[in-house]
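Chemist: Provided herewith: final-v8.txt, compact mmCIF, C-alpha atoms.
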```txt
# COMPACT_ATOMS: atom_id res chain seq x y z
CA MET A 1222 109.64 119.93 117.02
CA ALA A 1223 110.70 123.10 115.28
CA ARG A 1224 113.38 122.51 112.70
CA GLY A 1225 115.68 124.94 114.53
CA MET A 1226 115.78 122.88 117.71
CA THR A 1227 118.60 120.45 117.12
CA ASP A 1228 120.15 119.98 120.56
CA LEU A 1229 119.15 116.49 121.65
CA ILE A 1230 119.27 117.22 125.38
CA SER A 1231 116.99 120.24 124.92
CA LEU A 1232 114.61 118.11 122.88
CA TYR A 1233 114.49 115.44 125.59
CA GLU A 1234 113.83 118.09 128.27
CA ALA A 1235 111.03 119.59 126.18
CA ARG A 1236 109.33 116.21 125.86
CA VAL A 1237 109.63 115.55 129.57
CA ALA A 1238 108.15 119.00 130.23
CA ASP A 1239 105.15 118.45 127.94
CA GLY A 1240 104.47 115.00 129.36
CA THR A 1241 105.39 113.05 126.22
CA LEU A 1242 108.23 111.34 128.11
CA ARG A 1243 108.87 110.44 131.72
CA ARG A 1244 112.31 111.35 133.01
CA ASP A 1245 114.60 108.32 133.11
CA ASP A 1246 118.14 108.57 134.49
CA ALA A 1247 119.45 105.77 132.28
CA GLN A 1248 118.06 107.42 129.15
CA GLU A 1249 119.44 110.82 130.16
CA ALA A 1250 122.90 109.29 130.59
CA VAL A 1251 122.87 108.25 126.91
CA LEU A 1252 121.96 111.69 125.54
CA PRO A 1253 125.51 113.17 125.67
CA ARG A 1254 126.74 110.15 123.68
CA PHE A 1255 124.27 110.90 120.90
CA GLU A 1256 124.89 114.64 121.21
CA ARG A 1257 128.64 114.13 120.71
CA ILE A 1258 127.93 112.58 117.31
CA ARG A 1259 125.33 115.19 116.33
CA ALA A 1260 127.69 118.07 117.16
CA ALA A 1261 130.56 116.47 115.19
CA LEU A 1262 128.35 115.91 112.15
CA LYS A 1263 127.16 119.51 112.25
CA THR A 1264 130.77 120.74 111.95
CA PRO A 1265 131.45 121.60 108.30
CA VAL A 1266 133.89 119.26 106.51
CA ARG A 1267 136.38 121.17 104.35
CA ARG A 1268 137.14 119.18 101.26
CA GLY A 1269 139.54 119.85 98.44
CA LEU A 1270 141.19 118.11 95.53
CA PHE A 1271 144.17 117.04 97.64
CA ARG A 1272 142.60 117.34 101.08
CA LYS A 1273 141.74 114.05 102.72
CA ALA A 1274 138.45 114.12 104.59
CA PRO A 1275 138.88 113.79 108.37
CA PRO A 1276 137.83 110.48 109.89
CA PRO A 1277 134.20 110.36 111.00
CA PRO A 1278 133.38 110.63 114.71
CA LYS A 1279 133.07 107.39 116.65
CA GLY A 1280 129.66 105.81 116.34
CA LEU A 1281 127.50 104.44 119.15
CA TYR A 1282 126.46 100.87 119.93
CA LEU A 1283 123.57 101.11 122.39
CA TRP A 1284 122.50 97.83 123.92
CA GLY A 1285 120.21 96.65 126.69
CA GLY A 1286 116.99 94.84 127.48
CA VAL A 1287 113.80 95.19 125.47
CA GLY A 1288 111.44 98.06 126.21
CA ARG A 1289 114.03 100.34 127.79
CA GLY A 1290 113.73 103.10 125.19
CA LYS A 1291 116.63 102.40 122.82
CA SER A 1292 114.54 102.80 119.66
CA MET A 1293 112.81 105.89 121.05
CA LEU A 1294 116.18 107.54 121.74
CA MET A 1295 117.36 106.58 118.26
CA ASP A 1296 114.25 108.18 116.73
CA MET A 1297 114.83 111.36 118.71
CA PHE A 1298 118.49 111.46 117.68
CA VAL A 1299 117.61 111.10 113.99
CA GLU A 1300 115.01 113.83 114.36
CA ALA A 1301 117.60 116.15 115.94
CA LEU A 1302 119.97 115.68 112.99
CA SER A 1303 117.59 117.84 110.88
CA ASP A 1304 119.33 118.40 107.52
CA ILE A 1305 122.19 115.89 107.95
CA PRO A 1306 121.73 113.01 105.43
CA VAL A 1307 120.73 110.05 107.59
CA ARG A 1308 118.98 106.75 107.15
CA ARG A 1309 117.26 104.92 109.97
CA VAL A 1310 116.56 101.30 109.10
CA HIS A 1311 116.01 97.96 110.79
CA PHE A 1312 119.18 95.90 110.53
CA HIS A 1313 117.43 92.86 109.00
CA ALA A 1314 115.85 95.02 106.28
CA PHE A 1315 119.17 96.73 105.55
CA MET A 1316 121.02 93.45 105.08
CA GLN A 1317 118.33 92.27 102.66
CA GLU A 1318 118.96 95.42 100.60
CA VAL A 1319 122.70 94.75 100.68
CA HIS A 1320 122.19 91.19 99.41
CA ALA A 1321 119.91 92.47 96.62
CA GLY A 1322 122.49 95.11 95.64
CA MET A 1323 125.28 92.56 95.55
CA HIS A 1324 123.17 90.23 93.42
CA ALA A 1325 122.55 93.06 90.94
CA ALA A 1326 126.28 93.92 90.86
CA ARG A 1327 127.23 90.30 90.15
CA ALA A 1328 124.70 90.23 87.32
CA GLN A 1329 126.63 93.15 85.80
CA GLY A 1330 129.87 91.18 86.03
CA VAL A 1331 131.30 93.17 88.94
CA LYS A 1332 133.94 91.08 90.73
CA ASP A 1333 133.76 92.89 94.07
CA ALA A 1334 129.98 93.03 94.41
CA LEU A 1335 130.06 94.72 97.83
CA ALA A 1336 132.07 97.76 96.67
CA PRO A 1337 129.32 99.45 94.58
CA VAL A 1338 126.74 98.79 97.32
CA ALA A 1339 128.93 100.51 99.91
CA ALA A 1340 129.80 103.32 97.48
CA GLU A 1341 126.11 104.11 96.95
CA ILE A 1342 125.53 104.31 100.71
CA VAL A 1343 128.57 106.57 101.18
CA LYS A 1344 127.26 108.83 98.43
CA THR A 1345 123.82 109.26 99.98
CA VAL A 1346 124.19 109.34 103.79
CA ARG A 1347 126.54 110.58 106.50
CA LEU A 1348 124.95 108.47 109.23
CA LEU A 1349 123.33 105.06 109.29
CA ALA A 1350 121.05 104.37 112.24
CA PHE A 1351 120.44 100.64 112.66
CA ASP A 1352 117.74 99.30 114.93
CA GLU A 1353 117.90 95.82 116.45
CA MET A 1354 121.29 94.61 115.26
CA GLN A 1355 121.56 90.87 115.52
CA ILE A 1356 123.49 88.43 113.37
CA THR A 1357 121.92 85.01 112.89
CA ASP A 1358 122.93 84.25 109.32
CA ILE A 1359 126.42 83.13 108.29
CA THR A 1360 126.16 85.05 105.01
CA ASP A 1361 125.47 88.27 106.90
CA ALA A 1362 128.30 87.47 109.31
CA MET A 1363 130.74 87.17 106.43
CA ILE A 1364 129.61 90.40 104.73
CA VAL A 1365 129.00 92.83 107.57
CA GLY A 1366 132.59 93.25 108.76
CA ARG A 1367 133.94 94.36 105.40
CA LEU A 1368 130.84 96.47 104.72
CA PHE A 1369 131.39 98.44 107.93
CA ASP A 1370 135.06 98.93 107.02
CA LEU A 1371 134.03 100.39 103.65
CA LEU A 1372 131.42 102.63 105.26
CA HIS A 1373 133.87 103.93 107.86
CA ALA A 1374 136.51 104.58 105.19
CA GLY A 1375 133.88 106.59 103.32
CA GLY A 1376 133.12 108.74 106.35
CA VAL A 1377 129.76 107.21 107.29
CA VAL A 1378 128.99 107.09 111.01
CA VAL A 1379 127.11 104.04 112.28
CA VAL A 1380 124.79 104.14 115.28
CA THR A 1381 123.02 100.96 116.28
CA THR A 1382 120.77 99.51 118.94
CA SER A 1383 120.86 95.88 120.00
CA ASN A 1384 119.61 93.62 122.75
CA ARG A 1385 123.09 92.09 123.02
CA HIS A 1386 126.58 93.18 123.93
CA PRO A 1387 128.89 93.05 120.88
CA ASP A 1388 130.68 90.05 122.40
CA ASP A 1389 127.41 88.11 122.22
CA LEU A 1390 126.65 88.81 118.55
CA TYR A 1391 126.48 85.66 116.42
CA LYS A 1392 127.18 83.68 119.60
CA ASP A 1393 127.70 79.97 118.87
CA GLY A 1394 127.34 80.74 115.14
CA LEU A 1395 129.00 78.68 112.41
CA ASN A 1396 132.68 79.66 111.90
CA ARG A 1397 132.28 82.39 114.51
CA GLN A 1398 136.04 82.94 114.63
CA LEU A 1399 135.74 84.60 111.21
CA PHE A 1400 133.27 87.05 112.75
CA LEU A 1401 135.45 88.12 115.68
CA PRO A 1402 137.28 90.88 113.74
CA PHE A 1403 133.92 92.58 113.22
CA ILE A 1404 133.31 92.61 116.96
CA ALA A 1405 136.72 94.22 117.41
CA HIS A 1406 135.76 96.75 114.71
CA ILE A 1407 132.58 97.71 116.60
CA LYS A 1408 134.54 98.27 119.80
CA GLU A 1409 137.16 100.33 117.98
CA GLN A 1410 134.85 102.47 115.86
CA SER A 1411 131.90 102.84 118.26
CA GLU A 1412 131.31 103.74 121.86
CA VAL A 1413 129.64 100.71 123.45
CA TRP A 1414 127.02 101.80 125.97
CA GLU A 1415 124.56 99.74 127.97
CA LEU A 1416 121.16 101.26 128.67
CA VAL A 1417 120.48 100.00 132.17
CA SER A 1418 116.96 101.15 133.01
CA PRO A 1419 114.84 99.35 135.61
CA THR A 1420 111.71 100.26 133.65
CA ASP A 1421 110.36 98.19 130.76
CA TYR A 1422 108.22 100.83 129.03
CA ARG A 1423 106.85 98.45 126.43
CA GLN A 1424 105.70 96.04 129.13
CA ASN A 1425 104.25 98.92 131.15
CA ARG A 1426 102.12 99.99 128.19
CA LEU A 1427 100.73 96.46 128.00
CA GLU A 1428 100.36 95.97 131.76
CA GLY A 1429 96.76 95.20 132.53
CA ALA A 1430 95.84 95.75 128.86
CA GLN A 1431 93.76 93.30 126.88
CA VAL A 1432 95.89 91.41 124.35
CA TYR A 1433 93.40 88.85 122.99
CA PHE A 1434 90.33 90.17 121.19
CA THR A 1435 87.33 88.06 120.23
CA PRO A 1436 85.10 87.81 118.25
CA ILE A 1437 86.56 89.24 115.04
CA GLY A 1438 84.66 92.35 114.03
CA PRO A 1439 84.80 96.15 113.97
CA GLU A 1440 85.41 96.42 117.73
CA ALA A 1441 88.29 93.93 117.72
CA ARG A 1442 89.85 95.60 114.68
CA ALA A 1443 89.59 99.03 116.28
CA ASN A 1444 91.20 97.72 119.47
CA ILE A 1445 94.02 96.02 117.58
CA ARG A 1446 94.62 99.20 115.60
CA ALA A 1447 94.82 101.25 118.81
CA VAL A 1448 97.29 98.83 120.43
CA TRP A 1449 99.44 98.81 117.29
CA GLN A 1450 99.55 102.59 117.08
CA ASP A 1451 100.47 102.89 120.75
CA LEU A 1452 103.24 100.30 120.61
CA SER A 1453 104.75 101.04 117.19
CA GLY A 1454 104.89 104.79 117.74
CA GLY A 1455 105.02 105.72 114.07
CA PRO A 1456 104.89 104.58 110.45
CA ALA A 1457 105.97 101.02 109.74
CA ASP A 1458 107.60 99.29 106.81
CA PRO A 1459 107.52 95.66 105.70
CA LEU A 1460 110.28 93.42 107.04
CA VAL A 1461 111.58 90.73 104.68
CA LEU A 1462 113.44 87.85 106.32
CA GLN A 1463 115.43 85.51 104.14
CA VAL A 1464 115.19 81.90 105.24
CA LYS A 1465 117.08 79.37 103.14
CA GLY A 1466 116.87 81.63 100.09
CA ARG A 1467 113.15 82.35 100.45
CA ASP A 1468 111.48 85.61 101.48
CA VAL A 1469 109.32 85.59 104.61
CA VAL A 1470 107.40 88.86 104.75
CA LEU A 1471 106.02 90.64 107.81
CA PRO A 1472 103.77 93.34 106.26
CA ALA A 1473 104.38 95.96 108.97
CA PHE A 1474 107.36 96.28 111.32
CA ARG A 1475 108.73 99.00 113.56
CA ASN A 1476 110.85 99.05 116.72
CA GLY A 1477 110.76 95.28 117.15
CA ILE A 1478 106.98 95.10 116.77
CA ALA A 1479 105.41 93.30 113.81
CA ARG A 1480 101.86 93.20 112.49
CA ALA A 1481 100.43 90.50 110.22
CA THR A 1482 97.23 88.59 109.53
CA PHE A 1483 96.66 84.89 110.10
CA TYR A 1484 96.69 84.42 106.34
CA ASP A 1485 100.05 86.22 105.99
CA LEU A 1486 101.76 83.75 108.31
CA CYS A 1487 99.64 80.59 108.25
CA GLY A 1488 97.86 80.71 104.90
CA ARG A 1489 101.18 80.48 103.07
CA MET A 1490 103.50 77.47 102.93
CA LEU A 1491 105.80 78.44 105.79
CA GLY A 1492 107.58 75.97 108.03
CA PRO A 1493 109.31 75.74 111.43
CA GLY A 1494 112.47 77.49 110.18
CA ASP A 1495 110.40 80.45 108.98
CA TYR A 1496 108.59 80.78 112.30
CA LEU A 1497 111.85 80.53 114.22
CA ALA A 1498 113.24 83.40 112.12
CA ILE A 1499 110.14 85.48 112.87
CA ALA A 1500 110.42 84.74 116.59
CA GLU A 1501 114.08 85.75 116.50
CA ALA A 1502 113.36 89.03 114.68
CA VAL A 1503 110.40 90.39 116.65
CA LYS A 1504 109.69 91.22 120.29
CA VAL A 1505 105.93 91.70 119.89
CA LEU A 1506 103.67 90.18 117.21
CA VAL A 1507 100.25 91.65 116.49
CA LEU A 1508 98.39 88.83 114.72
CA GLU A 1509 94.94 89.53 113.27
CA ASP A 1510 91.94 87.49 112.17
CA VAL A 1511 92.69 84.00 113.49
CA PRO A 1512 89.71 81.94 112.23
CA ARG A 1513 88.07 78.87 113.71
CA LEU A 1514 90.23 75.87 112.92
CA SER A 1515 89.08 72.46 111.75
CA ARG A 1516 89.63 69.73 109.14
CA ASN A 1517 88.66 72.34 106.52
CA ASN A 1518 91.81 74.35 107.17
CA PHE A 1519 93.95 71.64 108.70
CA ASN A 1520 97.23 72.74 107.08
CA GLU A 1521 96.75 76.34 108.24
CA ALA A 1522 95.94 75.04 111.73
CA LYS A 1523 99.15 73.00 111.83
CA ARG A 1524 101.16 76.06 110.82
CA PHE A 1525 99.42 78.12 113.51
CA VAL A 1526 100.42 75.54 116.13
CA THR A 1527 104.03 75.69 114.93
CA LEU A 1528 103.99 79.50 114.94
CA ILE A 1529 102.66 79.67 118.51
CA ASP A 1530 105.28 77.14 119.65
CA ALA A 1531 108.07 79.29 118.16
CA LEU A 1532 106.71 82.50 119.72
CA TYR A 1533 106.22 80.77 123.07
CA GLU A 1534 109.73 79.36 123.24
CA ALA A 1535 111.24 82.74 122.29
CA ARG A 1536 109.06 84.59 124.84
CA VAL A 1537 107.61 86.85 122.14
CA ARG A 1538 104.65 88.96 123.26
CA LEU A 1539 101.52 88.07 121.27
CA ILE A 1540 98.55 90.36 120.68
CA CYS A 1541 95.83 88.88 118.50
CA SER A 1542 92.25 88.94 117.32
CA ALA A 1543 90.52 85.59 116.89
CA ALA A 1544 87.14 84.11 116.06
CA ALA A 1545 86.84 82.49 119.49
CA GLU A 1546 88.53 82.07 122.85
CA PRO A 1547 91.64 79.81 122.69
CA GLU A 1548 89.84 76.71 123.99
CA MET A 1549 87.09 77.10 121.37
CA LEU A 1550 89.26 77.79 118.32
CA TYR A 1551 89.75 74.14 117.35
CA VAL A 1552 86.88 71.95 118.50
CA GLU A 1553 86.37 69.36 115.76
CA GLY A 1554 88.50 67.29 113.43
CA GLU A 1555 91.91 65.69 113.51
CA GLY A 1556 94.31 67.59 115.71
CA THR A 1557 91.93 68.77 118.44
CA PHE A 1558 93.87 66.91 121.14
CA GLU A 1559 97.21 68.36 120.01
CA PHE A 1560 95.66 71.84 119.96
CA GLU A 1561 94.97 71.70 123.71
CA ARG A 1562 98.62 72.60 124.33
CA THR A 1563 98.38 75.50 121.89
CA ALA A 1564 95.22 76.78 123.60
CA SER A 1565 96.99 76.55 126.96
CA ARG A 1566 99.94 78.50 125.61
CA LEU A 1567 97.67 81.14 124.08
CA ARG A 1568 96.04 81.54 127.48
CA GLU A 1569 99.40 81.77 129.26
CA MET A 1570 100.69 84.33 126.76
CA GLN A 1571 97.81 86.65 127.71
CA ASP A 1572 99.25 87.05 131.21
CA GLN A 1573 100.55 90.58 131.82
CA ASP A 1574 103.93 89.22 132.97
CA TRP A 1575 104.43 87.19 129.80
CA GLY A 1576 107.66 87.99 127.98
CA THR A 1577 109.35 89.59 130.98
```
So that I can check it, write out the structure of this file as structure tokens.
Modeler:
Amino acid sequence: MARGMTDLISLYEARVADGTLRRDDAQEAVLPRFERIRAALKTPVRRGLFRKAPPPPKGLYLWGGVGRGKSMLMDMFVEALSDIPVRRVHFHAFMQEVHAGMHAARAQGVKDALAPVAAEIVKTVRLLAFDEMQITDITDAMIVGRLFDLLHAGGVVVVTTSNRHPDDLYKDGLNRQLFLPFIAHIKEQSEVWELVSPTDYRQNRLEGAQVYFTPIGPEARANIRAVWQDLSGGPADPLVLQVKGRDVVLPAFRNGIARATFYDLCGRMLGPGDYLAIAEAVKVLVLEDVPRLSRNNFNEAKRFVTLIDALYEARVRLICSAAAEPEMLYVEGEGTFEFERTASRLREMQDQDWGT
């Protein structure tokens, strides 16, 4: 896109015209909501010594099912902002940065550790674009409400995507009543909009596509790389999940899609809680280089079984490369009988309707 083209609706039309996008009524209905924010941010803010800055425009909370195009629309919106200071970040990754900033502030003896973190954000951006907002951690639940208040007071607009309506955030969480004011804040400071599209574009891209590649080798790696590039749609960053004070790292993450090797997730001492956190955070996992399993790598095999169970229960889409077909991955040693269920699940997860 040329830097001069900043109107989001024009940008969408151009991409439909060149075949990059397929026209979608539900997506088109969202565009004016984004455009309202872009136009307001483009209006110069007159500041003075005694002039109070006007309140920022209302943000947008865009929610709906997976694969409907929320992240794609967010990317396009950020692109259309051109020279407006903006940061697009996955919500999990952002909260990890906030925790790290607060830790550093406490180490300096700052009593209100959140204030300098918020002040730094206010100083550097006018809009925060969060992807995949979900609150599963009580510490995050306690922090996020006040953080958003500080950001709004500093003139920062927040736009976020989520798979859940605000009323369902942190549902059944510990001390949820303390979180309810934040839900009220979202509704007050953001336009809540559901993206109701009948089309699951992510599923369509995988429909009929191979998702299990064997044996491991140049061809499997090339195929995995092609699937990743198609699904992720751009450069990825690591995602660090904090589970009981420990870091669980997914080396590459974008738009709900993660990429990791068998060693990354099963060669390290991770447990059920770690795999549950991964299954909660991702919609698609691209897992590479699953080896043959036996008594020689029994601990790694046990972790792999636990990982597959977590992904299966959460209906996460799995794309992987492995040394053998599921039934031939674990053929000797203690645990072969228990692995039959895992092999069955791996087979079931290859079905094109899996995860829908």
Chemist: Kindly give the distance, in Å, that separates atom CA of A:Pro1387 and atom CA of A:Arg1309, rounded to a single decimal.
Modeler: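 A separation of 19.9 Å between them.
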Chemist: For A:Arg1259, which of A:Ile1404, A:Leu1229, A:Val1319, A:Cys1541 is the closest residue, counting only C-alpha atoms?
Modeler: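 Result for the nearest residue to A:Arg1259: A:Leu1229.
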Chemist: Enter the distance from atom CA of A:His1373 to atom CA of A:Leu1281, in Å, rounded to one decimal.
Modeler: 13.0 Å
Chemist: A:Gln1450, A:Ser1542, A:Thr1241, A:Thr1360: which is nearest A:Pro1436, counting all atoms listed in the file?
Modeler: A:Ser1542
Chemist: Could you check the closest approach to A:Ala1247 for each of A:Ala1235, A:Leu1416, A:Ile1407, A:Leu1372 and tell me which residue wins, using all atoms listed in the file?
Modeler: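 Looking only at the distances to A:Ala1247, the closest residue turns out to be A:Leu1416.
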Chemist: Near A:Val1470, within 12 Å and counting all atoms listed in the file, which residues show up once chain neighbours fewer than 6 positions away are dropped, as number ranges by chain?
Modeler: A: 1313-1314, 1317, 1458-1464, 1479-1482, 1484-1487, 1489, 1491, 1495-1496, 1498-1499, 1502
Chemist: So that I can see what lies close to A:Glu1546, please list as JSON, numbers by chain the residues with an atom at most 9 Å from it, counting only C-alpha atoms and leaving out residues fewer than 4 positions away in the same chain.
Modeler: {"A": [1433, 1434, 1435, 1436, 1550, 1564, 1568]}
Chemist: Counting all atoms listed in the file, what are the residues of stretch 1276-1365 of chain A within 10 Å of stretch 1396-1400 of chain A, and for each of them which pair of atoms is the nearest and at what distance in Å, to one decimal? Sort the table by chain and rising number, as a tab-separated table.
Modeler:
```
residue	atom	partner	partner_atom	distance
A:Ile1356	CA	A:Phe1400	CA	9.9
A:Ile1359	CA	A:Asn1396	CA	8.0
A:Asp1361	CA	A:Phe1400	CA	9.8
A:Ala1362	CA	A:Phe1400	CA	6.1
A:Met1363	CA	A:Phe1400	CA	6.8
A:Ile1364	CA	A:Phe1400	CA	9.4
A:Val1365	CA	A:Phe1400	CA	8.9
```
Chemist: Quick one: residues within 9 Å of A:Met1490, only C-alpha atoms, excluding same-chain residues fewer than 5 positions away - as a ChimeraX atom specification?
Modeler: /A:1520-1521,1524
Chemist: For each of A:Gly1322, A:Gly1375, A:Pro1456, A:Pro1277, take the minimum atom-to-atom distance to A:Thr1264, counting only C-alpha atoms, then give the residue where this is smallest.
Modeler: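 Of the candidates, the smallest distance to A:Thr1264 is held by A:Pro1277.
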Chemist: Quick check, in Å to one decimal: how far apart do atom CA of A:Phe1351 and atom CA of A:Val1379 lie?
Modeler: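 Going from atom CA of A:Phe1351 over to atom CA of A:Val1379, I get 7.5 Å.
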Chemist: Extract, using all atoms listed in the file, all DNA, RNA and protein residues at most 7 Å from A:Arg1308, discarding same-chain residues fewer than 4 positions from it, and format them as an mmCIF file with C-alpha atoms, keeping the file's coordinate frame.
Modeler:
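Now in result12.cif:
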```cif
data_model
loop_
_atom_site.group_PDB
_atom_site.id
_atom_site.type_symbol
_atom_site.label_atom_id
_atom_site.label_comp_id
_atom_site.auth_asym_id
_atom_site.auth_seq_id
_atom_site.Cartn_x
_atom_site.Cartn_y
_atom_site.Cartn_z
ATOM 1 C CA VAL A 1346 124.190 109.340 103.790
ATOM 2 C CA LEU A 1348 124.950 108.470 109.230
ATOM 3 C CA LEU A 1349 123.330 105.060 109.290
ATOM 4 C CA ALA A 1350 121.050 104.370 112.240
#
```
Chemist: Compile the contact shell of A:Glu1534 as JSON, numbers by chain: residues with an atom at most 10 Å away, counting all atoms listed in the file, same-chain residues fewer than 5 positions apart removed.
Modeler: {"A": [1497, 1500, 1529]}
Chemist: Find the residue from A:Leu1395, A:Leu1368, A:Val1378, A:Leu1508 that sits nearest to A:Leu1528; use all atoms listed in the file when measuring.
Modeler: A:Leu1508
Chemist: May I have the residues at most 10 Å from (94.0, 98.5, 117.9) in the file's coordinates, counting all atoms listed in the file, as a compact mmCIF listing (two decimals) with C-alpha atoms, in the frame of the given file?
Modeler:
```txt
# COMPACT_ATOMS: atom_id res chain seq x y z
CA VAL A 1432 95.89 91.41 124.35
CA PHE A 1434 90.33 90.17 121.19
CA GLU A 1440 85.41 96.42 117.73
CA ALA A 1441 88.29 93.93 117.72
CA ARG A 1442 89.85 95.60 114.68
CA ALA A 1443 89.59 99.03 116.28
CA ASN A 1444 91.20 97.72 119.47
CA ILE A 1445 94.02 96.02 117.58
CA ARG A 1446 94.62 99.20 115.60
CA ALA A 1447 94.82 101.25 118.81
CA VAL A 1448 97.29 98.83 120.43
CA TRP A 1449 99.44 98.81 117.29
CA GLN A 1450 99.55 102.59 117.08
CA ASP A 1451 100.47 102.89 120.75
CA LEU A 1452 103.24 100.30 120.61
CA VAL A 1507 100.25 91.65 116.49
CA ILE A 1540 98.55 90.36 120.68
CA CYS A 1541 95.83 88.88 118.50
CA SER A 1542 92.25 88.94 117.32
```
